[in-house]
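Data file: upload27.txt. Format and content: compact mmCIF, C-alpha atoms and all ligand atoms.
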# COMPACT_ATOMS: atom_id res chain seq x y z
CA MET A 4 -55.82 94.93 17.56
CA LEU A 5 -56.93 93.57 20.96
CA ILE A 6 -54.70 94.64 23.86
CA MET A 7 -54.81 93.33 27.42
CA SER A 8 -53.63 96.18 29.63
CA VAL A 9 -52.40 96.17 33.21
CA GLU A 10 -52.27 98.97 35.80
CA SER A 11 -50.77 98.71 39.31
CA THR A 12 -48.76 101.87 39.92
CA CYS A 13 -50.49 102.95 43.13
CA ASP A 14 -53.55 101.60 44.94
CA GLU A 15 -55.73 100.45 42.05
CA THR A 16 -55.18 97.10 40.37
CA ALA A 17 -56.75 96.94 36.93
CA VAL A 18 -56.78 94.67 33.90
CA ALA A 19 -58.61 95.83 30.78
CA LEU A 20 -59.22 94.77 27.22
CA VAL A 21 -59.10 97.58 24.64
CA ARG A 22 -59.49 97.34 20.86
CA ASP A 23 -57.44 99.57 18.54
CA GLY A 24 -56.67 102.04 21.31
CA ARG A 25 -60.17 103.49 21.20
CA GLU A 26 -62.76 100.89 22.15
CA LEU A 27 -63.02 99.90 25.79
CA ILE A 28 -64.31 96.33 26.00
CA THR A 29 -63.91 95.70 29.71
CA ASP A 30 -61.98 97.14 32.62
CA GLN A 31 -61.75 95.11 35.81
CA ILE A 32 -60.63 97.44 38.60
CA PHE A 33 -60.00 96.67 42.24
CA SER A 34 -59.48 99.71 44.44
CA GLN A 35 -57.46 99.25 47.62
CA ALA A 36 -58.62 102.61 49.02
CA ASP A 37 -60.36 100.94 51.98
CA LEU A 38 -57.16 99.06 52.90
CA HIS A 39 -55.21 102.33 53.13
CA ALA A 40 -57.92 104.56 54.61
CA ILE A 41 -57.10 103.67 58.23
CA TYR A 42 -53.51 104.85 57.66
CA GLY A 43 -54.60 108.12 56.03
CA GLY A 44 -52.60 107.40 52.86
CA VAL A 45 -51.17 104.66 50.68
CA VAL A 46 -48.84 102.21 52.47
CA PRO A 47 -46.51 100.94 49.71
CA GLU A 48 -45.97 97.44 51.12
CA ILE A 49 -49.71 96.90 51.59
CA ALA A 50 -50.29 98.16 48.04
CA SER A 51 -47.80 95.67 46.54
CA ARG A 52 -49.32 92.75 48.42
CA GLY A 53 -52.81 93.85 47.48
CA HIS A 54 -51.92 93.84 43.77
CA ILE A 55 -50.45 90.33 44.01
CA GLU A 56 -53.63 89.02 45.62
CA VAL A 57 -56.04 90.15 42.91
CA ILE A 58 -54.21 90.65 39.62
CA SER A 59 -54.64 87.12 38.21
CA GLN A 60 -58.34 87.02 39.07
CA LEU A 61 -58.88 90.40 37.42
CA ALA A 62 -57.24 89.14 34.22
CA THR A 63 -59.37 86.00 34.22
CA ARG A 64 -62.48 88.05 34.86
CA ALA A 65 -61.59 90.49 32.07
CA VAL A 66 -61.33 87.67 29.52
CA GLU A 67 -64.55 86.02 30.76
CA THR A 68 -66.52 89.28 30.85
CA ALA A 69 -65.42 90.22 27.35
CA GLY A 70 -66.31 86.77 26.07
CA VAL A 71 -63.05 86.53 24.15
CA HIS A 72 -60.62 83.64 23.97
CA LYS A 73 -57.09 84.26 25.24
CA SER A 74 -55.79 83.44 21.77
CA GLU A 75 -57.52 86.59 20.46
CA ILE A 76 -55.27 88.86 22.57
CA ASP A 77 -52.68 90.48 20.29
CA ALA A 78 -50.46 92.19 22.88
CA VAL A 79 -50.10 92.96 26.59
CA ALA A 80 -49.51 96.56 27.71
CA VAL A 81 -48.43 97.61 31.18
CA SER A 82 -47.84 100.81 33.19
CA TYR A 83 -44.13 100.47 33.95
CA ALA A 84 -43.41 103.97 35.32
CA PRO A 85 -43.77 106.14 37.34
CA GLY A 86 -45.28 104.81 40.56
CA LEU A 87 -44.63 103.01 43.83
CA ILE A 88 -41.84 100.71 42.78
CA GLY A 89 -43.06 97.56 44.55
CA ALA A 90 -46.55 98.11 43.19
CA VAL A 91 -45.40 98.74 39.62
CA LEU A 92 -43.21 95.63 39.75
CA VAL A 93 -46.27 93.44 40.37
CA GLY A 94 -47.98 94.66 37.20
CA VAL A 95 -44.80 94.51 35.13
CA ASN A 96 -44.02 90.94 36.17
CA PHE A 97 -47.60 89.83 35.60
CA ALA A 98 -47.64 91.45 32.15
CA LYS A 99 -44.30 89.87 31.24
CA SER A 100 -45.60 86.44 32.20
CA ALA A 101 -48.88 86.97 30.35
CA ALA A 102 -47.13 88.16 27.18
CA ALA A 103 -44.73 85.19 27.29
CA ALA A 104 -47.53 82.69 27.95
CA LEU A 105 -49.67 84.10 25.13
CA GLY A 106 -46.69 84.50 22.80
CA VAL A 107 -47.55 88.17 22.08
CA PRO A 108 -45.62 91.46 22.25
CA LEU A 109 -45.17 93.32 25.54
CA ILE A 110 -45.80 97.08 25.45
CA PRO A 111 -44.38 99.36 28.18
CA VAL A 112 -46.58 102.41 28.84
CA HIS A 113 -45.76 105.56 30.81
CA HIS A 114 -48.49 105.99 33.43
CA ILE A 115 -49.09 109.70 32.74
CA ARG A 116 -49.18 109.10 28.98
CA ALA A 117 -51.89 106.59 29.81
CA HIS A 118 -53.86 109.15 31.84
CA ILE A 119 -53.77 111.48 28.83
CA ALA A 120 -54.87 108.63 26.53
CA ALA A 121 -57.97 108.02 28.69
CA ASN A 122 -59.42 110.85 26.61
CA TYR A 123 -59.02 108.83 23.37
CA LEU A 124 -61.50 106.29 24.75
CA ALA A 125 -64.09 108.96 25.47
CA TYR A 126 -63.57 111.20 22.43
CA PRO A 127 -63.11 109.40 19.10
CA GLU A 128 -62.45 112.74 17.39
CA LEU A 129 -59.53 113.67 19.66
CA GLU A 130 -56.11 113.46 18.03
CA PRO A 131 -52.80 115.18 18.80
CA PRO A 132 -51.54 117.88 18.73
CA PHE A 133 -53.04 119.37 21.88
CA MET A 134 -52.08 120.92 25.21
CA CYS A 135 -52.75 118.76 28.27
CA MET A 136 -52.82 119.47 31.99
CA ALA A 137 -52.22 116.10 33.64
CA VAL A 138 -53.12 116.27 37.35
CA SER A 139 -52.95 113.17 39.50
CA GLY A 140 -51.98 112.12 43.00
CA GLY A 141 -48.28 111.90 42.22
CA ASN A 142 -47.77 114.19 39.23
CA THR A 143 -48.82 117.58 37.90
CA LEU A 144 -47.58 118.23 34.39
CA LEU A 145 -48.42 120.61 31.59
CA VAL A 146 -47.62 118.66 28.44
CA HIS A 147 -47.60 119.58 24.78
CA VAL A 148 -48.75 116.35 23.13
CA LYS A 149 -47.34 116.80 19.63
CA ALA A 150 -48.10 113.26 18.48
CA TYR A 151 -49.37 110.11 20.18
CA THR A 152 -45.87 109.24 21.40
CA GLU A 153 -44.13 112.60 21.17
CA MET A 154 -44.53 114.85 24.19
CA GLU A 155 -42.80 117.92 25.54
CA ILE A 156 -43.12 119.11 29.12
CA VAL A 157 -44.11 122.77 29.13
CA GLY A 158 -44.52 123.08 32.90
CA ARG A 159 -44.50 120.94 36.02
CA THR A 160 -44.94 121.18 39.74
CA ARG A 161 -41.69 121.97 41.50
CA ASP A 162 -42.80 120.18 44.66
CA ASP A 163 -46.09 118.48 45.56
CA ALA A 164 -48.62 117.24 43.04
CA ALA A 165 -52.06 118.86 43.11
CA GLY A 166 -53.62 115.54 44.18
CA GLU A 167 -51.20 115.20 47.08
CA CYS A 168 -52.24 118.69 48.17
CA PHE A 169 -55.92 117.61 48.05
CA ASP A 170 -55.15 114.50 50.09
CA LYS A 171 -53.20 116.42 52.76
CA THR A 172 -55.94 119.05 53.00
CA ALA A 173 -58.51 116.30 53.51
CA ARG A 174 -56.32 114.66 56.13
CA VAL A 175 -55.79 117.80 58.24
CA LEU A 176 -59.54 118.47 58.07
CA GLY A 177 -60.21 114.88 59.18
CA LEU A 178 -62.17 114.09 56.02
CA GLY A 179 -60.35 110.79 55.38
CA TYR A 180 -58.55 109.12 52.47
CA PRO A 181 -58.63 109.37 49.49
CA GLY A 182 -59.15 113.05 50.03
CA GLY A 183 -59.84 114.74 46.70
CA ALA A 184 -63.40 113.57 46.27
CA LYS A 185 -64.15 114.32 49.93
CA VAL A 186 -62.85 117.91 49.69
CA ASP A 187 -64.90 118.26 46.50
CA ALA A 188 -68.06 117.05 48.24
CA ARG A 189 -67.56 119.23 51.35
CA SER A 190 -66.97 122.35 49.23
CA ARG A 191 -70.63 122.45 48.16
CA GLY A 192 -72.28 125.64 49.37
CA GLY A 193 -68.97 127.07 50.65
CA ASN A 194 -67.75 130.62 49.99
CA ASP A 195 -64.62 130.28 47.86
CA MET A 196 -63.45 133.81 48.79
CA LYS A 197 -63.66 133.37 52.56
CA TYR A 198 -60.10 132.12 53.11
CA ASP A 199 -57.19 133.83 51.40
CA LEU A 200 -54.90 131.02 50.27
CA PRO A 201 -51.70 131.42 48.22
CA VAL A 202 -51.36 130.68 44.51
CA SER A 203 -47.64 130.38 43.77
CA GLU A 204 -45.92 132.10 40.89
CA LEU A 205 -42.35 131.05 40.08
CA ALA A 206 -40.13 133.84 38.81
CA GLY A 207 -39.11 133.25 35.19
CA LEU A 208 -41.00 129.95 35.03
CA PRO A 209 -44.52 130.94 33.97
CA TYR A 210 -45.78 127.40 33.40
CA ASP A 211 -44.25 125.74 36.44
CA MET A 212 -46.39 125.25 39.52
CA SER A 213 -45.90 124.84 43.27
CA PHE A 214 -48.42 123.42 45.71
CA SER A 215 -46.35 123.00 48.89
CA GLY A 216 -47.04 126.60 50.00
CA LEU A 217 -50.76 126.07 49.59
CA LYS A 218 -50.58 122.80 51.49
CA THR A 219 -48.66 124.41 54.36
CA ALA A 220 -51.04 127.39 54.43
CA VAL A 221 -54.05 125.08 54.87
CA ILE A 222 -52.29 123.03 57.57
CA ASN A 223 -51.26 126.19 59.48
CA LEU A 224 -54.73 127.68 59.18
CA VAL A 225 -56.33 124.54 60.61
CA HIS A 226 -53.77 124.16 63.42
CA ASN A 227 -54.06 127.85 64.40
CA ALA A 228 -57.83 127.59 64.54
CA GLN A 229 -57.58 124.44 66.66
CA GLN A 230 -55.13 126.07 69.07
CA LYS A 231 -57.32 129.15 69.47
CA GLY A 232 -60.46 127.07 69.77
CA GLU A 233 -61.97 128.79 66.73
CA GLU A 234 -64.47 126.97 64.56
CA LEU A 235 -63.59 126.61 60.90
CA ASP A 236 -66.09 126.98 58.09
CA VAL A 237 -65.09 123.68 56.43
CA PRO A 238 -67.19 124.05 53.24
CA SER A 239 -65.74 127.55 52.68
CA LEU A 240 -62.20 126.35 53.39
CA CYS A 241 -62.63 123.49 50.89
CA ALA A 242 -64.11 125.88 48.34
CA SER A 243 -61.30 128.44 48.87
CA PHE A 244 -58.71 125.67 48.58
CA GLN A 245 -60.19 124.41 45.31
CA ARG A 246 -60.27 127.95 43.96
CA ALA A 247 -56.53 128.26 44.70
CA VAL A 248 -55.70 124.93 43.00
CA SER A 249 -57.84 125.84 40.02
CA LEU A 250 -56.14 129.25 39.70
CA ALA A 251 -52.80 127.46 39.60
CA LEU A 252 -53.91 125.07 36.86
CA VAL A 253 -56.44 126.64 34.52
CA PRO A 254 -54.87 129.98 33.46
CA ARG A 255 -51.50 128.29 32.88
CA ALA A 256 -53.00 125.59 30.68
CA VAL A 257 -54.94 128.13 28.63
CA ALA A 258 -51.91 130.41 28.22
CA ALA A 259 -49.70 127.48 27.17
CA ALA A 260 -52.29 126.30 24.63
CA ARG A 261 -52.47 129.78 23.12
CA GLU A 262 -48.71 130.22 23.07
CA ARG A 263 -48.24 126.89 21.29
CA ASP A 264 -51.13 127.48 18.86
CA CYS A 265 -53.12 124.53 20.19
CA ASP A 266 -56.86 124.88 19.71
CA ARG A 267 -57.51 121.76 21.79
CA LEU A 268 -57.09 121.63 25.54
CA VAL A 269 -57.13 118.31 27.40
CA VAL A 270 -57.28 117.57 31.13
CA ALA A 271 -56.26 114.20 32.60
CA GLY A 272 -55.68 112.38 35.90
CA GLY A 273 -57.55 111.85 39.15
CA VAL A 274 -57.84 115.56 39.98
CA ALA A 275 -59.65 116.09 36.65
CA ALA A 276 -62.65 114.61 38.51
CA ASN A 277 -62.91 117.77 40.61
CA SER A 278 -66.15 119.63 39.95
CA ARG A 279 -64.71 123.12 40.50
CA ILE A 280 -61.68 122.47 38.30
CA ARG A 281 -63.81 120.93 35.53
CA GLY A 282 -66.16 123.92 35.64
CA ASP A 283 -63.31 126.44 35.52
CA PHE A 284 -61.67 124.63 32.58
CA GLU A 285 -65.02 124.67 30.75
CA SER A 286 -65.50 128.43 31.24
CA ALA A 287 -61.90 129.26 30.35
CA ALA A 288 -61.97 127.10 27.21
CA ARG A 289 -65.22 128.73 26.10
CA GLU A 290 -63.88 132.25 26.71
CA ASN A 291 -60.69 131.50 24.79
CA GLY A 292 -62.18 129.60 21.84
CA LEU A 293 -60.53 126.30 22.82
CA THR A 294 -62.13 122.89 22.44
CA LEU A 295 -61.95 121.17 25.81
CA PHE A 296 -61.66 117.44 26.49
CA VAL A 297 -62.02 116.15 30.06
CA PRO A 298 -62.41 112.41 30.73
CA PRO A 299 -65.69 111.10 32.13
CA LEU A 300 -65.35 110.53 35.88
CA LYS A 301 -64.73 106.78 35.59
CA LEU A 302 -61.69 107.41 33.38
CA CYS A 303 -60.11 110.15 35.54
CA GLY A 304 -58.61 107.94 38.24
CA ASP A 305 -56.27 105.02 37.68
CA ASN A 306 -57.72 102.36 35.39
CA GLY A 307 -56.55 99.67 33.01
CA ALA A 308 -58.29 100.96 29.89
CA MET A 309 -56.14 104.07 29.60
CA VAL A 310 -53.04 101.84 29.50
CA GLY A 311 -54.53 99.88 26.61
CA ALA A 312 -55.38 103.11 24.77
CA GLN A 313 -51.85 104.50 24.97
CA GLY A 314 -50.39 101.01 24.53
CA TYR A 315 -51.92 100.78 21.06
CA TYR A 316 -50.14 103.96 19.93
CA GLU A 317 -46.87 102.89 21.58
CA TYR A 318 -47.10 99.62 19.66
CA MET A 319 -47.80 101.47 16.41
CA ALA A 320 -44.65 103.53 17.07
CA GLY A 321 -42.64 100.33 17.54
CA ASN A 322 -42.26 100.72 21.30
CA THR A 323 -42.27 97.15 22.57
CA ALA A 324 -40.12 95.48 25.23
CA GLY A 325 -38.55 92.11 25.93
CA SER A 326 -38.63 90.00 29.06
CA GLY A 327 -35.94 92.23 30.57
CA LEU A 328 -38.46 95.07 31.05
CA ASN A 329 -38.04 96.71 34.45
CA ALA A 330 -40.32 98.90 36.57
CA TYR A 331 -39.33 102.48 37.43
CA ALA A 332 -40.43 104.72 40.30
CA SER A 333 -39.84 107.85 38.25
CA MET A 334 -39.51 108.59 34.56
CA ASP A 335 -39.83 111.66 32.39
CA ILE A 336 -42.92 111.59 30.18
CA SER A 337 -40.95 112.70 27.12
O1 LIG A 401 -54.83 109.65 38.79
P1 LIG A 401 -55.02 109.08 40.14
O2 LIG A 401 -56.16 108.14 40.38
O3 LIG A 401 -53.74 108.37 40.65
C1 LIG A 401 -52.45 108.74 40.30
O4 LIG A 401 -52.03 108.37 39.18
O5 LIG A 401 -51.85 109.46 41.12
O6 LIG A 401 -55.18 110.35 41.08
C2 LIG A 401 -55.46 110.23 42.42
C3 LIG A 401 -55.62 111.62 42.99
C4 LIG A 401 -55.73 111.61 44.50
O7 LIG A 401 -54.85 112.59 45.02
C5 LIG A 401 -57.18 111.98 44.73
O8 LIG A 401 -57.39 112.66 45.95
C6 LIG A 401 -57.46 112.88 43.55
O9 LIG A 401 -56.81 112.23 42.47
N1 LIG A 401 -58.90 113.03 43.28
C7 LIG A 401 -59.53 114.21 43.31
C8 LIG A 401 -60.90 113.94 43.08
N2 LIG A 401 -61.05 112.61 42.90
C9 LIG A 401 -59.80 112.06 43.03
N3 LIG A 401 -59.05 115.44 43.54
C10 LIG A 401 -59.93 116.45 43.53
N4 LIG A 401 -61.26 116.28 43.34
C11 LIG A 401 -61.79 115.05 43.10
N5 LIG A 401 -63.10 114.92 42.89

Please express what this file holds, its structure, as structure tokens.
Ligand code: KG4
Amino acid sequence: MLIMSVESTCDETAVALVRDGRELITDQIFSQADLHAIYGGVVPEIASRGHIEVISQLATRAVETAGVHKSEIDAVAVSYAPGLIGAVLVGVNFAKSAAAALGVPLIPVHHIRAHIAANYLAYPELEPPFMCMAVSGGNTLLVHVKAYTEMEIVGRTRDDAAGECFDKTARVLGLGYPGGAKVDARSRGGNDMKYDLPVSELAGLPYDMSFSGLKTAVINLVHNAQQKGEELDVPSLCASFQRAVSLALVPRAVAAARERDCDRLVVAGGVAANSRIRGDFESAARENGLTLFVPPLKLCGDNGAMVGAQGYYEYMAGNTAGSGLNAYASMDIS
């Protein structure tokens, strides 16, 4: 089954072609990061307009690059939640039009389900059930994936997402946007024990997370140093920050996998690109006898292929939509 899949929930526009949920044929991605960099973060209105400008060309280019005829497309899948509402609407309306024009089914896909499904493209052997830590710019969720379309939230951030915390840390350090990769790069050679940063524990909620305290601690530390005229050791601060984020994510994911008898542990989302977090997941999985799946770097951030991967399984479960499909800024993954 050949699916054309559309992604536009934040600042990447992407149109991909994916066969049978597992084979990536082409993914045409346009990142708006440069458009937003001067503002230090994503400007929703600019994002929506940016998607409108490129989405049709990306679809045309996807079909041309793949060397397929439009009549070979069996369905159109789209990220319809959660995300910046104006941005998501662009993808949803494009996908609705494409599905109607091609006379094929329309498949609504939850954006975080899609991030998890990025792993199906990289690992043919991966099948549910498994435990997944999904960490992106807008969401941080610990999910028990019981079946391709059956998920239970085991834990979640109570405030900021881990990616948001990365972006704010980068901003206060003047490293620019998007921040995660920049913090990652600057952490090289830093001493991860130099700065004592908080790792939140929530009473009675062992799998829930909180990153706002960490974010505030970094901001205060930087502002205090600036006011006192003290020089910060930026690589060590980045390394200490990453250690704190990793300590919030990795032990929880491992404990949840063990508690739920999952022998497979999956990581997904933009923050899964972080070198420290990837390394810590690898060590923890090895020490606990878990098989770890982390997407290759190109499938960590937003892309169209992951939507096609999950879209296939949504279609198999009968989850299709009509022309009344709407976009949603927030939606539970389960
Ligand atoms: O999954 P994603 O592309 O978009 C959402 O669905 O939110 O995630 C974007 C987030 C941003 O916060 C970005 O700073 C973060 O992923 N990110 C990273 C790295 N690369 C991207 N965070 C930490 N280390 C990285 N190497």

Distance of CA of Gly94 (chain A) from CA of Arg22 (chain A), expressed in Å to one decimal place
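Separation of CA of Arg22 (chain A) and CA of Gly94 (chain A): 20.2 Å.
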
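The residue set within 7 Å of Asn306 (chain A), counting all atoms listed in the file and dropping same-chain residues fewer than 2 places from it, reads A:Glu10, A:Ala17, A:Ile32, A:Leu302, A:Gly304, A:Ala308, A:Met309.
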
Just C-alpha atoms for this one: save the residues we selected as a JSON list (two decimals), in the coordinates of the input.
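The file below, selection_23.json, is the result:
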[["chain", "number", "residue", "atom", "x", "y", "z"],
["A", 10, "GLU", "CA", -52.27, 98.97, 35.80],
["A", 17, "ALA", "CA", -56.75, 96.94, 36.93],
["A", 32, "ILE", "CA", -60.63, 97.44, 38.60],
["A", 302, "LEU", "CA", -61.69, 107.41, 33.38],
["A", 304, "GLY", "CA", -58.61, 107.94, 38.24],
["A", 308, "ALA", "CA", -58.29, 100.96, 29.89],
["A", 309, "MET", "CA", -56.14, 104.07, 29.60]]

Interface rows for chain A against ligand LIG 401 (chain A): nearest pair, Å to one decimal, 6 Å, all atoms listed in the file, as a tab-separated table:
residue	atom	partner	partner_atom	distance
A:Ser139	CA	A:LIG401	O6	3.9
A:Gly140	CA	A:LIG401	O5	3.3
A:Gly141	CA	A:LIG401	O5	4.5
A:Gly166	CA	A:LIG401	O7	3.3
A:Glu167	CA	A:LIG401	O7	4.9
A:Phe169	CA	A:LIG401	O8	5.6
A:Asp170	CA	A:LIG401	O8	5.1
A:Pro181	CA	A:LIG401	O8	5.0
A:Gly182	CA	A:LIG401	O8	4.5
A:Gly183	CA	A:LIG401	O8	3.3
A:Ala184	CA	A:LIG401	N5	3.7
A:Asp187	CA	A:LIG401	N4	5.2
A:Gly272	CA	A:LIG401	O1	4.1
A:Gly273	CA	A:LIG401	O6	3.4
A:Val274	CA	A:LIG401	N3	3.8
A:Ala276	CA	A:LIG401	N5	4.4
A:Asn277	CA	A:LIG401	N4	3.5
A:Gly304	CA	A:LIG401	O2	3.3
A:Asp305	CA	A:LIG401	O2	4.1

Coordinates of box centre and edge lengths for region 162-175 of chain A, 5 Å on every side, axis-aligned, as AutoDock Vina command-line options:
--center_x -50.7 --center_y 117.3 --center_z 50.6 --size_x 25.7 --size_y 15.7 --size_z 25.2

Report as a PyMOL selection string all protein, DNA and RNA residues lying within 8 Å of Leu268 (chain A), evaluated on all atoms listed in the file, omitting residues in the same chain fewer than 4 positions from it.
chain A and resi 133-135+256-257+260+288+293-296

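Minimum atom-to-atom distance to Ser215 (chain A), evaluated using only C-alpha atoms, belongs to A:Val248 out of A:Val248, A:Leu92, A:Val66, A:Val237.
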
Which residue of A:Leu87, A:Ala65, A:Val46, A:Leu20 approaches Met334 (chain A) most closely, using all atoms listed in the file
A:Leu87

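Interatomic distance, CA of Glu75 (chain A) against CA of Ala121 (chain A): 23.0 Å.
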
As an exercise, work out the distance from CA of Leu205 (chain A) to CA of Asn227 (chain A) in Å and give it to one decimal place.
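According to the coordinates, CA of Leu205 (chain A) and CA of Asn227 (chain A) are separated by 27.2 Å.
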
May I have the residues within 7 Å of Val202 (chain A) as a list of chain:residue names, using only C-alpha atoms and disregarding those fewer than 3 positions away in the same chain?
A:Leu217, A:Ala247, A:Leu250, A:Ala251

Given only C-alpha atoms, how would the per-residue table for region 229-283 of chain A near region 123-132 of chain A read, listing every residue at most 12 Å away with its closest atom pair and distance in Å to one decimal, sorted by chain and number, as a tab-separated table?
residue	atom	partner	partner_atom	distance
A:Ala260	CA	A:Pro132	CA	10.3
A:Arg263	CA	A:Pro132	CA	9.9
A:Asp264	CA	A:Pro132	CA	9.6
A:Cys265	CA	A:Pro132	CA	7.0
A:Asp266	CA	A:Pro132	CA	8.8
A:Arg267	CA	A:Pro132	CA	7.7
A:Leu268	CA	A:Pro132	CA	9.6
A:Val269	CA	A:Leu129	CA	9.3
A:Val270	CA	A:Tyr123	CA	11.8
A:Ala271	CA	A:Tyr123	CA	11.0

Take the residues from that selection and put them in a file with C-alpha atoms, as a compact mmCIF listing (two decimals), in the coordinates of the input.
# COMPACT_ATOMS: atom_id res chain seq x y z
CA ALA A 260 -52.29 126.30 24.63
CA ARG A 263 -48.24 126.89 21.29
CA ASP A 264 -51.13 127.48 18.86
CA CYS A 265 -53.12 124.53 20.19
CA ASP A 266 -56.86 124.88 19.71
CA ARG A 267 -57.51 121.76 21.79
CA LEU A 268 -57.09 121.63 25.54
CA VAL A 269 -57.13 118.31 27.40
CA VAL A 270 -57.28 117.57 31.13
CA ALA A 271 -56.26 114.20 32.60

Protein and nucleic acid residues near (-51.6, 126.3, 52.2) (cut-off 9 Å, all atoms listed in the file) as a PyMOL selection string
chain A and resi 168+172+200-202+214-224+244

Counting only C-alpha atoms, which residue out of A:Gly207, A:Val225, A:Ser190, A:Thr143 sits closest to Pro238 (chain A)?
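Nearest candidate to Pro238 (chain A) out of A:Gly207, A:Val225, A:Ser190, A:Thr143: A:Ser190.
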
From the options A:Gly24, A:Ser8, A:Arg281, A:Gly321, which residue's atoms come nearest to Ala98 (chain A), counting all atoms listed in the file?
A:Ser8

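Shortest atom-to-atom contact with Ala330 (chain A) among A:Arg191, A:Arg174, A:Lys231, A:His113: A:His113, counting only C-alpha atoms.
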
The residue from A:Val253, A:Val146, A:Ile336, A:Ile110 with the smallest atom-to-atom distance to Glu285 (chain A), counting all atoms listed in the file, is A:Val253

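When the distance limit is 8 Å and all atoms listed in the file are what count, the residues near Ser11 (chain A), minus those fewer than 3 positions from it on the same chain, are Asp14, Glu15, Thr16, Ala17, His54, Ser82, Ala90, Val91, Val93 and Gly94 of chain A.
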
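Excluding region 104-106 of chain A itself and same-chain residues fewer than 5 positions from it, the residues having an atom within 10 Å of it are Lys73, Ser74, Glu75, Ile76, Asp77, Ala78, Val79, Ala98 and Lys99 of chain A, counting only C-alpha atoms.
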
Residue list as a list in words for point (-42.1, 126.0, 37.2), cut-off 10 Å, only C-alpha atoms:
Leu144, Val157, Gly158, Arg159, Thr160, Arg161, Asp162, Ser203, Glu204, Leu205, Ala206, Gly207, Leu208, Pro209, Tyr210, Asp211, Met212 and Ser213 of chain A
